[in-house]
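Novice: Provided below: upload15.cif, containing mmCIF, C-alpha atoms.
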data_model
loop_
_atom_site.label_atom_id
_atom_site.label_comp_id
_atom_site.auth_asym_id
_atom_site.auth_seq_id
_atom_site.Cartn_x
_atom_site.Cartn_y
_atom_site.Cartn_z
CA MET J 2 -10.32 -36.07 -15.90
CA GLU J 3 -7.04 -37.93 -15.50
CA LEU J 4 -4.95 -36.25 -12.81
CA GLU J 5 -1.23 -35.68 -13.38
CA PHE J 6 -0.27 -33.09 -10.77
CA THR J 7 -2.70 -33.80 -7.92
CA ARG J 8 -4.07 -36.75 -5.98
CA VAL J 9 -7.64 -36.99 -4.73
CA SER J 10 -9.33 -39.32 -2.28
CA HIS J 11 -12.95 -39.34 -1.19
CA GLU J 12 -13.95 -40.95 2.08
CA ARG J 13 -17.35 -39.71 3.09
CA PRO J 14 -17.77 -37.03 4.29
CA VAL J 15 -14.22 -35.76 3.51
CA SER J 16 -12.50 -35.18 0.17
CA ARG J 17 -8.72 -34.77 0.30
CA LEU J 18 -6.90 -32.96 -2.50
CA THR J 19 -3.12 -33.28 -2.45
CA LEU J 20 -0.80 -31.13 -4.53
CA SER J 21 1.53 -33.75 -5.99
CA ARG J 22 4.62 -32.22 -7.56
CA PRO J 23 7.03 -32.88 -4.70
CA GLU J 24 10.09 -32.64 -6.95
CA ARG J 25 9.01 -29.04 -7.71
CA ARG J 26 7.89 -28.28 -4.15
CA ASN J 27 4.31 -28.42 -5.42
CA ALA J 28 4.79 -25.39 -7.65
CA LEU J 29 1.45 -24.17 -8.99
CA SER J 30 1.84 -24.79 -12.69
CA LEU J 31 -0.98 -24.01 -15.08
CA GLY J 32 -1.76 -27.71 -15.32
CA LEU J 33 -1.86 -28.20 -11.56
CA MET J 34 -4.16 -25.23 -11.01
CA ARG J 35 -6.54 -26.46 -13.70
CA GLU J 36 -6.71 -29.81 -11.94
CA VAL J 37 -7.54 -28.15 -8.61
CA ILE J 38 -10.34 -26.20 -10.29
CA ALA J 39 -11.68 -29.34 -11.93
CA VAL J 40 -11.62 -31.35 -8.71
CA LEU J 41 -13.31 -28.66 -6.63
CA GLY J 42 -15.90 -28.14 -9.35
CA ASP J 43 -16.86 -31.82 -9.40
CA LEU J 44 -16.88 -32.93 -5.77
CA PRO J 45 -19.00 -35.98 -4.88
CA GLU J 46 -22.41 -35.14 -3.50
CA GLU J 47 -21.51 -36.70 -0.17
CA THR J 48 -18.49 -34.40 0.37
CA GLU J 49 -19.03 -32.12 3.35
CA VAL J 50 -15.52 -30.74 3.80
CA VAL J 51 -12.36 -30.56 1.69
CA VAL J 52 -8.72 -30.75 2.82
CA ILE J 53 -5.95 -29.34 0.63
CA ALA J 54 -2.47 -30.63 1.43
CA GLY J 55 0.94 -30.86 -0.20
CA GLU J 56 3.10 -33.90 -0.92
CA GLY J 57 6.79 -33.91 -0.06
CA PRO J 58 8.77 -31.31 1.88
CA ALA J 59 6.58 -28.26 1.17
CA PHE J 60 2.94 -27.23 0.98
CA SER J 61 3.62 -25.12 -2.13
CA ALA J 62 6.47 -22.89 -3.23
CA GLY J 63 4.15 -20.78 -5.39
CA HIS J 64 4.05 -20.42 -9.15
CA ASP J 65 6.34 -22.56 -11.29
CA LEU J 66 8.95 -19.96 -12.24
CA ALA J 67 10.54 -22.20 -14.88
CA GLU J 68 7.20 -22.18 -16.67
CA MET J 69 7.17 -18.36 -16.67
CA LEU J 70 10.39 -17.61 -18.55
CA ASP J 71 10.16 -15.97 -21.98
CA ARG J 72 6.43 -16.42 -22.51
CA ASP J 73 4.07 -14.21 -24.48
CA PRO J 74 1.59 -11.81 -22.85
CA GLU J 75 -1.30 -14.19 -23.52
CA PHE J 76 0.35 -16.89 -21.40
CA TYR J 77 0.84 -14.56 -18.43
CA GLY J 78 -2.74 -13.33 -18.70
CA GLU J 79 -4.03 -16.90 -18.76
CA LEU J 80 -1.77 -18.01 -15.90
CA PHE J 81 -3.00 -15.37 -13.48
CA ALA J 82 -6.61 -15.70 -14.66
CA VAL J 83 -6.52 -19.43 -13.88
CA CYS J 84 -4.84 -18.75 -10.53
CA THR J 85 -7.58 -16.28 -9.65
CA GLU J 86 -10.24 -18.78 -10.72
CA MET J 87 -8.68 -21.40 -8.44
CA MET J 88 -8.74 -19.06 -5.46
CA GLU J 89 -12.31 -18.01 -6.20
CA ILE J 90 -13.65 -21.55 -6.45
CA VAL J 91 -12.31 -22.25 -2.95
CA HIS J 92 -14.82 -19.65 -1.75
CA GLU J 93 -17.58 -20.64 -4.16
CA VAL J 94 -17.92 -24.31 -3.21
CA PRO J 95 -20.38 -24.75 -0.32
CA GLN J 96 -18.05 -27.11 1.54
CA PRO J 97 -15.50 -25.65 3.96
CA VAL J 98 -11.98 -25.94 2.55
CA VAL J 99 -9.20 -26.57 5.08
CA ALA J 100 -5.50 -26.10 4.30
CA ARG J 101 -3.21 -28.65 5.93
CA VAL J 102 0.12 -26.85 5.89
CA HIS J 103 3.59 -28.25 6.42
CA GLY J 104 6.90 -26.87 5.21
CA ALA J 105 6.91 -23.76 3.04
CA ALA J 106 3.82 -21.94 1.78
CA TYR J 107 5.29 -19.20 -0.37
CA ALA J 108 3.92 -16.69 -2.90
CA ALA J 109 0.85 -18.26 -4.57
CA GLY J 110 1.16 -21.13 -2.07
CA CYS J 111 0.72 -18.60 0.73
CA GLN J 112 -2.14 -17.13 -1.31
CA LEU J 113 -3.85 -20.52 -1.37
CA VAL J 114 -3.55 -20.87 2.40
CA ALA J 115 -5.05 -17.40 2.86
CA ALA J 116 -7.88 -18.22 0.45
CA CYS J 117 -8.87 -21.41 2.28
CA ASP J 118 -11.67 -21.11 4.83
CA LEU J 119 -9.50 -22.58 7.60
CA ALA J 120 -5.83 -23.48 7.92
CA VAL J 121 -3.96 -25.76 10.31
CA ALA J 122 -0.16 -25.60 10.24
CA ALA J 123 2.72 -27.62 11.60
CA ASP J 124 4.94 -25.56 13.88
CA SER J 125 7.74 -25.98 11.32
CA ALA J 126 5.73 -24.36 8.50
CA THR J 127 6.79 -21.00 7.09
CA PHE J 128 4.92 -18.42 5.04
CA ALA J 129 6.17 -15.73 2.67
CA THR J 130 5.30 -13.49 -0.26
CA PRO J 131 8.85 -13.18 -1.65
CA GLY J 132 8.12 -12.02 -5.20
CA VAL J 133 9.77 -8.67 -4.61
CA LYS J 134 13.11 -10.48 -4.40
CA ILE J 135 12.87 -11.65 -8.02
CA GLY J 136 11.23 -8.57 -9.50
CA LEU J 137 7.70 -10.00 -9.55
CA PHE J 138 5.70 -8.35 -6.79
CA CYS J 139 3.20 -10.74 -5.18
CA SER J 140 0.19 -8.74 -6.34
CA THR J 141 -2.30 -11.61 -6.59
CA PRO J 142 -1.22 -13.23 -3.29
CA MET J 143 -1.68 -9.76 -1.79
CA VAL J 144 -5.47 -9.99 -2.24
CA PRO J 145 -6.35 -12.78 0.24
CA VAL J 146 -3.27 -12.27 2.43
CA SER J 147 -4.10 -8.62 3.12
CA ARG J 148 -7.69 -9.56 3.90
CA ALA J 149 -6.51 -12.23 6.32
CA ILE J 150 -3.85 -10.34 8.25
CA GLY J 151 -4.48 -6.62 7.65
CA ARG J 152 -2.68 -3.88 5.77
CA LYS J 153 0.47 -3.20 7.75
CA ARG J 154 1.36 -6.84 8.30
CA ALA J 155 0.63 -7.70 4.67
CA MET J 156 2.78 -4.81 3.47
CA GLU J 157 5.63 -5.99 5.67
CA MET J 158 5.47 -9.44 4.08
CA LEU J 159 5.13 -8.00 0.57
CA LEU J 160 7.83 -5.35 0.83
CA THR J 161 10.47 -7.45 2.59
CA GLY J 162 9.71 -10.87 1.14
CA GLU J 163 10.90 -12.39 4.40
CA PRO J 164 9.19 -15.53 5.72
CA ILE J 165 7.20 -15.61 8.91
CA SER J 166 6.96 -18.55 11.28
CA ALA J 167 3.86 -20.62 11.88
CA SER J 168 3.40 -19.04 15.31
CA THR J 169 3.53 -15.55 13.79
CA ALA J 170 1.11 -16.65 11.06
CA GLN J 171 -1.30 -17.75 13.77
CA GLU J 172 -0.87 -14.55 15.74
CA TRP J 173 -1.52 -12.50 12.59
CA GLY J 174 -4.58 -14.53 11.56
CA LEU J 175 -3.21 -16.31 8.50
CA VAL J 176 -3.77 -19.75 10.07
CA ASN J 177 -6.15 -20.97 12.75
CA ARG J 178 -4.05 -23.50 14.63
CA VAL J 179 -0.38 -24.44 14.95
CA VAL J 180 0.66 -27.82 16.30
CA PRO J 181 3.74 -30.06 16.34
CA ALA J 182 4.18 -31.83 13.01
CA GLU J 183 3.38 -35.21 14.52
CA ARG J 184 -0.02 -33.90 15.64
CA LEU J 185 -0.93 -32.18 12.38
CA ASP J 186 -3.14 -34.91 10.94
CA ASP J 187 -4.91 -35.61 14.23
CA THR J 188 -5.63 -31.90 14.69
CA VAL J 189 -7.00 -31.57 11.16
CA ASP J 190 -9.13 -34.68 11.63
CA GLY J 191 -10.51 -33.36 14.92
CA LEU J 192 -11.52 -30.12 13.22
CA LEU J 193 -13.17 -32.04 10.37
CA GLU J 194 -15.05 -34.24 12.83
CA GLN J 195 -16.48 -31.18 14.56
CA ILE J 196 -17.51 -29.45 11.31
CA THR J 197 -19.11 -32.57 9.85
CA SER J 198 -21.20 -33.11 12.97
CA TYR J 199 -23.38 -30.18 11.86
CA SER J 200 -25.84 -29.79 9.00
CA PRO J 201 -23.92 -29.60 5.70
CA GLN J 202 -26.73 -27.59 4.12
CA VAL J 203 -26.59 -25.01 6.89
CA ILE J 204 -22.78 -24.90 6.70
CA GLY J 205 -23.11 -24.14 2.97
CA ILE J 206 -25.64 -21.38 3.62
CA GLY J 207 -23.37 -19.83 6.21
CA LYS J 208 -20.21 -20.00 4.10
CA LYS J 209 -21.90 -18.32 1.14
CA ALA J 210 -23.29 -15.59 3.39
CA PHE J 211 -19.91 -15.03 5.05
CA TYR J 212 -18.15 -14.19 1.81
CA ALA J 213 -21.09 -12.16 0.53
CA GLN J 214 -20.93 -9.78 3.51
CA VAL J 215 -17.36 -9.82 4.79
CA ASP J 216 -16.02 -6.93 2.68
CA LEU J 217 -19.14 -4.76 2.80
CA ASP J 218 -19.93 -1.87 5.10
CA GLU J 219 -21.95 -2.78 8.18
CA GLN J 220 -25.37 -1.72 6.88
CA ARG J 221 -25.08 -3.65 3.63
CA ALA J 222 -23.64 -6.62 5.50
CA TYR J 223 -26.66 -6.67 7.81
CA ASP J 224 -28.99 -6.42 4.80
CA ILE J 225 -27.55 -9.68 3.52
CA ALA J 226 -27.17 -11.39 6.89
CA ARG J 227 -30.69 -10.78 8.16
CA SER J 228 -32.22 -12.03 4.91
CA VAL J 229 -30.07 -15.16 4.98
CA MET J 230 -30.82 -15.82 8.63
CA ALA J 231 -34.58 -15.42 8.15
CA SER J 232 -34.47 -17.88 5.27
CA ASN J 233 -32.21 -20.23 7.24
CA ALA J 234 -34.70 -20.22 10.14
CA GLU J 235 -37.28 -21.85 7.86
CA HIS J 236 -34.89 -24.61 6.82
CA ASP J 237 -35.76 -28.14 7.99
CA ASP J 238 -32.41 -28.50 9.74
CA ALA J 239 -32.86 -25.23 11.65
CA GLN J 240 -36.24 -26.38 12.88
CA GLU J 241 -34.79 -29.78 13.76
CA GLY J 242 -31.81 -28.24 15.58
CA ILE J 243 -33.94 -25.80 17.57
CA GLY J 244 -36.37 -28.56 18.46
CA ALA J 245 -33.55 -30.86 19.54
CA PHE J 246 -32.10 -28.14 21.77
CA VAL J 247 -35.48 -27.47 23.40
CA GLU J 248 -36.12 -31.19 23.85
CA LYS J 249 -32.57 -31.85 25.10
CA ARG J 250 -31.70 -34.45 22.44
CA GLN J 251 -29.23 -34.81 19.59
CA PRO J 252 -30.44 -33.39 16.25
CA SER J 253 -30.94 -35.60 13.21
CA TRP J 254 -29.86 -33.63 10.14
CA SER J 255 -31.80 -34.05 6.90
CA ALA J 256 -28.71 -35.02 4.86
CA ARG J 257 -28.08 -38.12 6.94
#
Can you give me the file's structure in the form of structure tokens?
Specialist:
Amino acid sequence: MELEFTRVSHERPVSRLTLSRPERRNALSLGLMREVIAVLGDLPEETEVVVIAGEGPAFSAGHDLAEMLDRDPEFYGELFAVCTEMMEIVHEVPQPVVARVHGAAYAAGCQLVAACDLAVAADSATFATPGVKIGLFCSTPMVPVSRAIGRKRAMEMLLTGEPISASTAQEWGLVNRVVPAERLDDTVDGLLEQITSYSPQVIGIGKKAFYAQVDLDEQRAYDIARSVMASNAEHDDAQEGIGAFVEKRQPSWSAR
């Protein structure tokens, strides 16, 4: 499809998806979210990891509020259904999805950061779920944010609407790493280099298993995990990796 609100580049093994509405602080319009879904649903076979970034001064300010004035109920239902689909596909694709965050990540933009598998932020980045300030509680952002940072911290963000700093976001578990802005790209690239040094098939197996078990009780989680691990042990790359470790050599993954 022709892209209007996003930019995409593919340089094996990394695909980079950039939210490209800088004049609107990368507000997540219906059109933009549909493009993200389309891109993630049609990644090149050689893609092993995806980076989501924002163009301009912000990562994303959240939903496009101008688009939400005086609409019918069907529009609002579709808007939040598409937003949910976008967040879900981030988990459904086998490739790890890494948020590269600079500037503001607010409301649904904060939701997107929380939904990504990993997040690296510039030390100048800020995060907020400020919907309460405009009478639209951040109920959908609440879902991944509360799972990332826990109940009390999520409720503080949701009830006050006040932004938190990148360092607080790291302390709370919303992002993995915080670095000076000038080191943001190098830090992201270093993380990608490490991830892509491993078997992409095994990474995909592990990501799927992670989300299948993470919200279950311990017994049901183990039921899933032990089955996945037993199956994984038979995989060619597991046998290659174990053999390489025993033989003290570098593994040669089947995808390369």
Novice: Pull the closest atom pair for each residue of stretch 36-143 of chain J that gets at most 7 Å from stretch 179-199 of chain J, along with the distance in Å to one decimal, counting only C-alpha atoms, ordering rows by chain and then ascending residue number, as CSV.
Specialist:
residue,atom,partner,partner_atom,distance
J:Glu49,CA,J:Thr197,CA,6.5
J:Val121,CA,J:Val179,CA,6.0
J:Ala122,CA,J:Val179,CA,4.9
J:Ala123,CA,J:Ala182,CA,4.7
J:Asp124,CA,J:Pro181,CA,5.3
Novice: Give me a file of those residues, with C-alpha atoms, as a short mmCIF file (atom, residue, chain, number, x, y, z; two decimals), in the coordinates of the input.
Specialist:
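result.cif written:
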data_model
loop_
_atom_site.label_atom_id
_atom_site.label_comp_id
_atom_site.auth_asym_id
_atom_site.auth_seq_id
_atom_site.Cartn_x
_atom_site.Cartn_y
_atom_site.Cartn_z
CA GLU J 49 -19.03 -32.12 3.35
CA VAL J 121 -3.96 -25.76 10.31
CA ALA J 122 -0.16 -25.60 10.24
CA ALA J 123 2.72 -27.62 11.60
CA ASP J 124 4.94 -25.56 13.88
#
Novice: Which residues, named as in the file, does the PyMOL selection byres ((chain J and resi 146-156) around 7) pick out? Answer as a ChimeraX atom specification.
Specialist: /J:112,115,142-145,157-160,173-175
Novice: Tell me which of J:Val102, J:Leu20, J:Val203, J:Cys84 sits closest to J:Glu241, counting only C-alpha atoms.
Specialist: J:Val203
Novice: Using all atoms listed in the file, determine which residues lie at most 12 Å from J:Leu66, disregarding the query and same-chain residues fewer than 3 positions distant; provide the list as a PyMOL selection string.
Specialist: chain J and resi 25-31+62-63+69-72+77+80+108-109+132+135-137
Novice: Please identify all polymer residues within 8 Å of J:Gly104, counting all atoms listed in the file, omitting same-chain residues fewer than 4 positions from it, and present them as an MDAnalysis selection string.
Specialist: chainID J and resid 58:60 123 125:127
Novice: Rank nothing, just name the residue among J:Ala239, J:Gln96, J:Asp73, J:Pro23 nearest to J:Asp43, using all atoms listed in the file.
Specialist: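 So, comparing all the options, the nearest one is J:Gln96.
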Novice: So that I can check the surroundings of J:Val94, please list as a PyMOL selection string every protein, DNA and RNA residue that reaches within 10 Å of it, counting all atoms listed in the file and ignoring chain neighbours fewer than 4 positions away.
Specialist: chain J and resi 41-44+50-51+89-90+98+205+208-209
Novice: Give me, please, the distance in Å between atom CA of J:Thr161 and atom CA of J:Gly110, quoted to one decimal.
Specialist: 17.2 Å
Novice: Spell out the residues picked by the PyMOL selection byres ((chain J and resi 221-238) around 10) here, as a PDB file with C-alpha atoms, in the coordinates of the input.
Specialist:
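Dumped to out_39.pdb:
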ATOM      1  CA  TYR J 199     -23.380 -30.180  11.860  1.00  0.00           C
ATOM      2  CA  SER J 200     -25.840 -29.790   9.000  1.00  0.00           C
ATOM      3  CA  PRO J 201     -23.920 -29.600   5.700  1.00  0.00           C
ATOM      4  CA  GLN J 202     -26.730 -27.590   4.120  1.00  0.00           C
ATOM      5  CA  VAL J 203     -26.590 -25.010   6.890  1.00  0.00           C
ATOM      6  CA  ILE J 206     -25.640 -21.380   3.620  1.00  0.00           C
ATOM      7  CA  GLY J 207     -23.370 -19.830   6.210  1.00  0.00           C
ATOM      8  CA  LYS J 209     -21.900 -18.320   1.140  1.00  0.00           C
ATOM      9  CA  ALA J 210     -23.290 -15.590   3.390  1.00  0.00           C
ATOM     10  CA  PHE J 211     -19.910 -15.030   5.050  1.00  0.00           C
ATOM     11  CA  ALA J 213     -21.090 -12.160   0.530  1.00  0.00           C
ATOM     12  CA  GLN J 214     -20.930  -9.780   3.510  1.00  0.00           C
ATOM     13  CA  VAL J 215     -17.360  -9.820   4.790  1.00  0.00           C
ATOM     14  CA  ASP J 216     -16.020  -6.930   2.680  1.00  0.00           C
ATOM     15  CA  LEU J 217     -19.140  -4.760   2.800  1.00  0.00           C
ATOM     16  CA  ASP J 218     -19.930  -1.870   5.100  1.00  0.00           C
ATOM     17  CA  GLU J 219     -21.950  -2.780   8.180  1.00  0.00           C
ATOM     18  CA  GLN J 220     -25.370  -1.720   6.880  1.00  0.00           C
ATOM     19  CA  ALA J 239     -32.860 -25.230  11.650  1.00  0.00           C
ATOM     20  CA  GLN J 240     -36.240 -26.380  12.880  1.00  0.00           C
ATOM     21  CA  GLU J 241     -34.790 -29.780  13.760  1.00  0.00           C
ATOM     22  CA  GLY J 242     -31.810 -28.240  15.580  1.00  0.00           C
ATOM     23  CA  ILE J 243     -33.940 -25.800  17.570  1.00  0.00           C
ATOM     24  CA  GLY J 244     -36.370 -28.560  18.460  1.00  0.00           C
ATOM     25  CA  PRO J 252     -30.440 -33.390  16.250  1.00  0.00           C
ATOM     26  CA  SER J 253     -30.940 -35.600  13.210  1.00  0.00           C
ATOM     27  CA  TRP J 254     -29.860 -33.630  10.140  1.00  0.00           C
ATOM     28  CA  SER J 255     -31.800 -34.050   6.900  1.00  0.00           C
ATOM     29  CA  ALA J 256     -28.710 -35.020   4.860  1.00  0.00           C
TER      30      ALA J 256
END
Novice: Figure out the distance between atom CA of J:Phe128 and atom CA of J:Ile165, please, to one decimal in Å.
Specialist: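 Between these atoms lies a distance of 5.3 Å.
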Novice: Taking the file as shown, find all residues satisfying the PyMOL selection byres ((chain J and resi 18) around 7) and write them as a VMD selection string.
Specialist: chain J and resid 7 to 10 16 to 17 19 to 20 52 to 54
Novice: For C-alpha atoms, I'd like the residues from the last selection saved as a PDB file, in the coordinates of the input.
Specialist:
ATOM      1  CA  THR J   7      -2.700 -33.800  -7.920  1.00  0.00           C
ATOM      2  CA  ARG J   8      -4.070 -36.750  -5.980  1.00  0.00           C
ATOM      3  CA  VAL J   9      -7.640 -36.990  -4.730  1.00  0.00           C
ATOM      4  CA  SER J  10      -9.330 -39.320  -2.280  1.00  0.00           C
ATOM      5  CA  SER J  16     -12.500 -35.180   0.170  1.00  0.00           C
ATOM      6  CA  ARG J  17      -8.720 -34.770   0.300  1.00  0.00           C
ATOM      7  CA  THR J  19      -3.120 -33.280  -2.450  1.00  0.00           C
ATOM      8  CA  LEU J  20      -0.800 -31.130  -4.530  1.00  0.00           C
ATOM      9  CA  VAL J  52      -8.720 -30.750   2.820  1.00  0.00           C
ATOM     10  CA  ILE J  53      -5.950 -29.340   0.630  1.00  0.00           C
ATOM     11  CA  ALA J  54      -2.470 -30.630   1.430  1.00  0.00           C
TER      12      ALA J  54
END
Novice: Would you compute the distance between atom CA of J:Leu4 and atom CA of J:Ser140? Give it in Å to one decimal.
Specialist: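 Atom CA of J:Ser140 lies at a distance of 28.7 Å from atom CA of J:Leu4.
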Novice: Will you model all heavy atoms for stretch 125-135 of chain J and pass it back as a short mmCIF file (atom, residue, chain, number, x, y, z; two decimals), in the coordinates of the input?
Specialist:
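Once everything was written out, this is result13.cif:
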data_model
loop_
_atom_site.label_atom_id
_atom_site.label_comp_id
_atom_site.auth_asym_id
_atom_site.auth_seq_id
_atom_site.Cartn_x
_atom_site.Cartn_y
_atom_site.Cartn_z
N SER J 125 6.57 -26.18 12.17
CA SER J 125 7.74 -25.98 11.32
C SER J 125 7.40 -25.28 10.00
O SER J 125 8.30 -24.97 9.21
CB SER J 125 8.38 -27.34 11.01
OG SER J 125 7.42 -28.23 10.46
N ALA J 126 6.14 -25.01 9.75
CA ALA J 126 5.73 -24.36 8.50
C ALA J 126 6.20 -22.91 8.48
O ALA J 126 6.33 -22.26 9.52
CB ALA J 126 4.22 -24.42 8.34
N THR J 127 6.44 -22.41 7.27
CA THR J 127 6.79 -21.00 7.09
C THR J 127 5.97 -20.42 5.94
O THR J 127 5.54 -21.14 5.04
CB THR J 127 8.29 -20.80 6.79
OG1 THR J 127 8.66 -21.60 5.66
CG2 THR J 127 9.13 -21.20 7.99
N PHE J 128 5.80 -19.10 5.98
CA PHE J 128 4.92 -18.42 5.04
C PHE J 128 5.63 -17.17 4.52
O PHE J 128 6.25 -16.44 5.30
CB PHE J 128 3.61 -18.04 5.72
CG PHE J 128 2.89 -19.20 6.34
CD1 PHE J 128 3.26 -19.66 7.61
CD2 PHE J 128 1.88 -19.85 5.67
CE1 PHE J 128 2.62 -20.76 8.18
CE2 PHE J 128 1.23 -20.94 6.23
CZ PHE J 128 1.60 -21.39 7.49
N ALA J 129 5.51 -16.91 3.22
CA ALA J 129 6.17 -15.73 2.67
C ALA J 129 5.52 -15.31 1.36
O ALA J 129 4.91 -16.13 0.65
CB ALA J 129 7.66 -16.00 2.44
N THR J 130 5.66 -14.03 1.05
CA THR J 130 5.30 -13.49 -0.26
C THR J 130 6.57 -12.84 -0.82
O THR J 130 6.72 -11.62 -0.79
CB THR J 130 4.15 -12.48 -0.16
OG1 THR J 130 4.47 -11.49 0.84
CG2 THR J 130 2.86 -13.17 0.24
N PRO J 131 7.50 -13.66 -1.35
CA PRO J 131 8.85 -13.18 -1.65
C PRO J 131 9.05 -12.67 -3.07
O PRO J 131 10.20 -12.49 -3.50
CB PRO J 131 9.69 -14.44 -1.41
CG PRO J 131 8.78 -15.55 -1.84
CD PRO J 131 7.38 -15.11 -1.48
N GLY J 132 7.97 -12.42 -3.80
CA GLY J 132 8.12 -12.02 -5.20
C GLY J 132 8.99 -10.81 -5.42
O GLY J 132 9.68 -10.71 -6.44
N VAL J 133 8.97 -9.88 -4.46
CA VAL J 133 9.77 -8.67 -4.61
C VAL J 133 11.26 -8.98 -4.81
O VAL J 133 11.99 -8.23 -5.46
CB VAL J 133 9.56 -7.75 -3.38
CG1 VAL J 133 10.14 -8.36 -2.11
CG2 VAL J 133 10.10 -6.36 -3.63
N LYS J 134 11.70 -10.11 -4.30
CA LYS J 134 13.11 -10.48 -4.40
C LYS J 134 13.52 -10.86 -5.82
O LYS J 134 14.70 -10.82 -6.16
CB LYS J 134 13.42 -11.63 -3.45
CG LYS J 134 13.27 -11.29 -1.98
CD LYS J 134 13.67 -12.46 -1.09
CE LYS J 134 13.60 -12.08 0.38
NZ LYS J 134 14.08 -13.17 1.26
N ILE J 135 12.55 -11.25 -6.65
CA ILE J 135 12.87 -11.65 -8.02
C ILE J 135 12.24 -10.70 -9.05
O ILE J 135 12.15 -11.02 -10.23
CB ILE J 135 12.43 -13.10 -8.30
CG1 ILE J 135 10.93 -13.27 -8.11
CG2 ILE J 135 13.20 -14.07 -7.43
CD1 ILE J 135 10.37 -14.56 -8.69
#
